[in-house]
$ cat target.csv   # CSV, C-alpha atoms
chain,number,residue,atom,x,y,z
A,134,MET,CA,15.6,3.1,39.6
A,135,GLY,CA,12.1,2.3,38.6
A,136,GLU,CA,11.7,5.5,36.6
A,137,PRO,CA,12.0,5.4,32.8
A,138,GLY,CA,15.6,6.3,31.8
A,139,ALA,CA,16.9,5.8,35.3
A,140,VAL,CA,20.5,4.6,35.5
A,141,SER,CA,22.1,3.1,38.5
A,142,ALA,CA,25.6,4.5,39.2
A,143,MET,CA,26.8,1.0,40.3
A,144,SER,CA,25.4,-1.2,37.5
A,145,ARG,CA,24.8,1.4,34.7
A,146,VAL,CA,21.6,-0.4,33.8
A,147,ALA,CA,19.3,1.9,31.9
A,148,VAL,CA,15.5,1.3,32.2
A,149,ALA,CA,12.8,2.4,29.7
A,150,LEU,CA,9.2,1.7,28.8
A,151,ASP,CA,8.0,1.5,32.4
A,152,GLY,CA,10.6,-1.2,33.2
A,153,VAL,CA,10.0,-3.3,30.0
A,154,LEU,CA,13.5,-2.6,28.9
A,155,ARG,CA,16.6,-2.9,31.0
A,156,VAL,CA,19.9,-2.5,29.1
A,157,ASP,CA,23.2,-3.3,30.8
A,158,PRO,CA,26.0,-2.1,28.5
A,159,SER,CA,28.5,-4.3,30.4
A,160,GLY,CA,26.3,-7.4,30.0
A,161,ALA,CA,27.3,-10.5,28.0
A,162,GLU,CA,24.7,-9.8,25.4
A,163,ALA,CA,25.2,-6.8,23.1
A,164,PRO,CA,22.8,-3.8,23.8
A,165,PHE,CA,21.1,-4.2,20.5
A,166,GLU,CA,20.3,-7.8,21.3
A,167,GLN,CA,19.1,-6.9,24.8
A,168,VAL,CA,16.6,-4.4,23.2
A,169,ARG,CA,15.5,-6.8,20.5
A,170,HIS,CA,15.0,-9.8,22.8
A,171,GLN,CA,13.3,-7.8,25.6
A,172,LEU,CA,10.9,-6.1,23.2
A,173,ALA,CA,10.1,-9.4,21.6
A,174,ALA,CA,9.4,-11.0,25.0
A,175,ALA,CA,7.2,-8.1,26.0
A,176,ILE,CA,5.2,-8.5,22.8
A,177,GLY,CA,4.9,-12.2,23.3
A,178,ASP,CA,3.7,-12.0,26.9
A,179,GLY,CA,1.3,-9.2,26.2
A,180,ARG,CA,3.0,-6.4,28.1
A,181,LEU,CA,3.2,-4.6,24.8
A,182,ALA,CA,-0.2,-5.1,23.1
A,183,SER,CA,-1.0,-4.9,19.4
A,184,GLY,CA,-1.1,-1.3,18.4
A,185,THR,CA,1.1,-0.1,21.2
A,186,ARG,CA,3.3,2.8,19.9
A,187,LEU,CA,7.0,2.4,20.6
A,188,PRO,CA,9.2,5.4,21.4
A,189,THR,CA,11.0,7.0,18.5
A,190,ILE,CA,14.4,5.6,17.7
A,191,ARG,CA,16.1,8.7,18.9
A,192,GLY,CA,13.9,9.0,22.0
A,193,LEU,CA,14.5,5.4,23.1
A,194,ALA,CA,18.3,5.7,22.3
A,195,ASP,CA,18.5,8.8,24.5
A,196,GLU,CA,16.5,7.2,27.3
A,197,LEU,CA,18.8,4.1,27.3
A,198,GLY,CA,22.0,5.9,26.7
A,199,LEU,CA,22.6,4.1,23.4
A,200,ALA,CA,23.5,5.1,19.9
A,201,ALA,CA,20.4,5.7,17.6
A,202,ASN,CA,21.8,3.1,15.2
A,203,THR,CA,21.7,0.5,17.9
A,204,VAL,CA,17.9,1.0,18.5
A,205,ALA,CA,17.3,1.4,14.8
A,206,ARG,CA,18.8,-2.1,14.2
A,207,ALA,CA,16.7,-3.7,16.9
A,208,TYR,CA,13.5,-2.1,15.4
A,209,ARG,CA,14.5,-3.2,11.9
A,210,GLU,CA,15.0,-6.7,13.0
A,211,LEU,CA,11.7,-6.7,14.9
A,212,GLU,CA,10.0,-5.4,11.8
A,213,ALA,CA,11.6,-8.1,9.6
A,214,ALA,CA,10.3,-10.7,12.1
A,215,GLY,CA,6.8,-9.2,11.8
A,216,LEU,CA,6.6,-8.1,15.4
A,217,VAL,CA,6.4,-4.4,14.8
A,218,LEU,CA,5.3,-2.1,11.9
A,219,THR,CA,7.0,1.1,11.0
A,220,ARG,CA,4.8,3.7,9.5
A,221,GLY,CA,7.2,6.5,8.6
A,222,ARG,CA,6.2,9.7,10.5
A,223,LEU,CA,3.5,7.8,12.4
A,224,GLY,CA,6.1,5.8,14.2
A,225,THR,CA,6.6,2.2,15.1
A,226,VAL,CA,3.8,0.1,16.6
A,227,VAL,CA,3.4,-3.5,17.8
A,228,SER,CA,1.9,-5.4,14.9
A,229,PRO,CA,-1.3,-7.4,15.2
A,230,ASP,CA,0.6,-10.6,14.2
A,231,GLY,CA,3.1,-10.0,16.9
A,232,ALA,CA,0.5,-10.0,19.6
A,233,VAL,CA,-1.4,-13.2,18.4
A,234,ALA,CA,0.5,-15.6,20.8
A,235,ALA,CA,-0.3,-13.4,23.8
A,236,ALA,CA,-4.0,-13.1,22.9
A,237,SER,CA,-4.2,-16.9,22.4
A,238,ALA,CA,-2.5,-17.6,25.7
A,239,ALA,CA,-4.8,-15.1,27.5
A,240,ALA,CA,-7.8,-16.9,26.1
A,241,GLY,CA,-6.6,-20.2,27.5
A,242,ASP,CA,-5.7,-21.6,24.1
A,243,ASP,CA,-2.7,-23.9,24.9
A,244,ARG,CA,-2.2,-25.1,21.3
A,245,PRO,CA,1.3,-24.3,19.9
A,246,HIS,CA,1.4,-21.1,17.9
A,247,GLY,CA,5.0,-21.3,16.6
A,248,GLY,CA,4.3,-19.0,13.7
A,249,SER,CA,3.4,-16.2,16.0
A,250,ASP,CA,6.0,-16.9,18.8
A,251,PRO,CA,8.2,-13.8,18.9
A,252,ALA,CA,11.4,-15.8,19.7
A,253,LEU,CA,10.8,-18.1,16.7
A,254,ARG,CA,10.0,-15.2,14.4
A,255,LEU,CA,13.3,-13.6,15.4
A,256,ALA,CA,15.2,-16.9,14.9
A,257,ALA,CA,13.5,-17.3,11.5
A,258,ALA,CA,14.5,-13.8,10.5
A,259,ASP,CA,18.1,-14.4,11.7
A,260,TYR,CA,18.2,-17.6,9.6
A,261,ALA,CA,16.8,-16.0,6.5
A,262,ARG,CA,19.4,-13.2,6.8
A,263,ALA,CA,22.3,-15.6,7.3
A,264,ALA,CA,21.2,-17.8,4.4
A,265,SER,CA,20.7,-14.9,2.1
A,266,GLY,CA,24.1,-13.4,3.2
A,267,ALA,CA,25.7,-16.7,2.4
A,268,GLY,CA,24.2,-16.6,-1.1
A,269,LEU,CA,21.9,-19.6,-0.5
A,270,PRO,CA,18.8,-19.6,-2.6
A,271,GLU,CA,15.5,-19.6,-0.8
A,272,ALA,CA,14.6,-23.1,-1.9
A,273,GLU,CA,17.9,-24.5,-0.6
A,274,ALA,CA,17.5,-22.6,2.7
A,275,VAL,CA,14.0,-24.1,3.2
A,276,ALA,CA,15.3,-27.5,2.2
A,277,LEU,CA,17.8,-27.3,5.1
A,278,VAL,CA,15.1,-26.6,7.5
A,279,ARG,CA,13.0,-29.5,6.3
A,280,ASP,CA,16.0,-31.7,6.6
A,281,ALA,CA,16.6,-30.5,10.2
A,282,PHE,CA,12.9,-31.4,11.0
A,283,ARG,CA,13.4,-34.9,9.5
A,284,ARG,CA,16.4,-35.5,11.7
A,285,LEU,CA,14.3,-34.6,14.8
A,286,ARG,CA,11.9,-37.4,14.2
$ encode --input "target.csv" --output "structure tokens"
Amino acid sequence: MGEPGAVSAMSRVAVALDGVLRVDPSGAEAPFEQVRHQLAAAIGDGRLASGTRLPTIRGLADELGLAANTVARAYRELEAAGLVLTRGRLGTVVSPDGAVAAASAAAGDDRPHGGSDPALRLAAADYARAASGAGLPEAEAVALVRDAFRRLR
């Protein structure tokens, strides 16, 4: 099952990107979320370095046995979070910003780098989408975050 695209008959888990992605269609998390979170984690820990070219949407969807729209949504959200860049016909690559946390950690820099943490970037993008979808102006959305920080103190 270690080969890209391998699917176990028992678990139906599809594997891609040399084992970086493992998608279980029967898992508790939606397949799009599995792709999004696992790619973000691989960017954050350096398994996918800055400039790494990701498979095409259709290619990865075929490898994982998913709909192309599922992979496209994951790529769009990773791009909105600044973790990947899509360059039209040139494809999708890991952005330099997305790999900052991994490079800092590898250099032994243990200071917090929240702005480049992939999980935080995804959470910020999710919040921005939710606030925008609810019709909340940017200034009010930012004020809610500031208020939440004040309550933590």
$ residues_near_point --input "target.csv" --point "(15.8, -16.8, 10.3)" --cutoff "12 Å" --atoms "all atoms listed in the file" --output "VMD selection string"
chain A and resid 210 to 211 213 to 215 251 to 266 271 274 to 275 277 to 278
$ closest_residue --input "target.csv" --among "A:His170, A:Val226, A:Arg220, A:Leu154" --to "A:Ala194" --atoms "all atoms listed in the file"
A:Leu154
$ closest_residue --input "target.csv" --among "A:Val227, A:Ala207, A:Leu285, A:Val156" --to "A:Gly184" --atoms "all atoms listed in the file"
A:Val227
$ closest_residue --input "target.csv" --among "A:Gly231, A:Gly160, A:Gly192, A:Gly152" --to "A:Asp178" --atoms "all atoms listed in the file"
A:Gly231
$ closest_residue --input "target.csv" --among "A:Ala174, A:Val168, A:Leu187, A:Ala182" --to "A:Leu223" --atoms "all atoms listed in the file"
A:Leu187
$ closest_residue --input "target.csv" --among "A:Pro188, A:Gly221, A:Gly179, A:Gly198" --to "A:Pro158" --atoms "all atoms listed in the file"
A:Gly198
$ residues_around --input "target.csv" --residues "A:Ser228" --least-positions-apart "3" --cutoff "6 Å" --atoms "all atoms listed in the file" --output "MDAnalysis selection string"
chainID A and resid 183 216:218 231
$ write_last_selection --input "target.csv" --atoms "C-alpha atoms" --output "mmCIF file, in the frame of the given file"
data_model
loop_
_atom_site.group_PDB
_atom_site.id
_atom_site.type_symbol
_atom_site.label_atom_id
_atom_site.label_comp_id
_atom_site.auth_asym_id
_atom_site.auth_seq_id
_atom_site.Cartn_x
_atom_site.Cartn_y
_atom_site.Cartn_z
ATOM 1 C CA SER A 183 -1.000 -4.900 19.400
ATOM 2 C CA LEU A 216 6.600 -8.100 15.400
ATOM 3 C CA VAL A 217 6.400 -4.400 14.800
ATOM 4 C CA LEU A 218 5.300 -2.100 11.900
ATOM 5 C CA GLY A 231 3.100 -10.000 16.900
#
$ atom_distance --input "target.csv" --atom1 "atom CA of A:Ala201" --atom2 "atom CA of A:Thr189"
9.5 Å
$ atom_distance --input "target.csv" --atom1 "atom CA of A:Glu212" --atom2 "atom CA of A:Arg169"
10.4 Å
$ atom_distance --input "target.csv" --atom1 "atom CA of A:Thr185" --atom2 "atom CA of A:Thr225"
8.5 Å
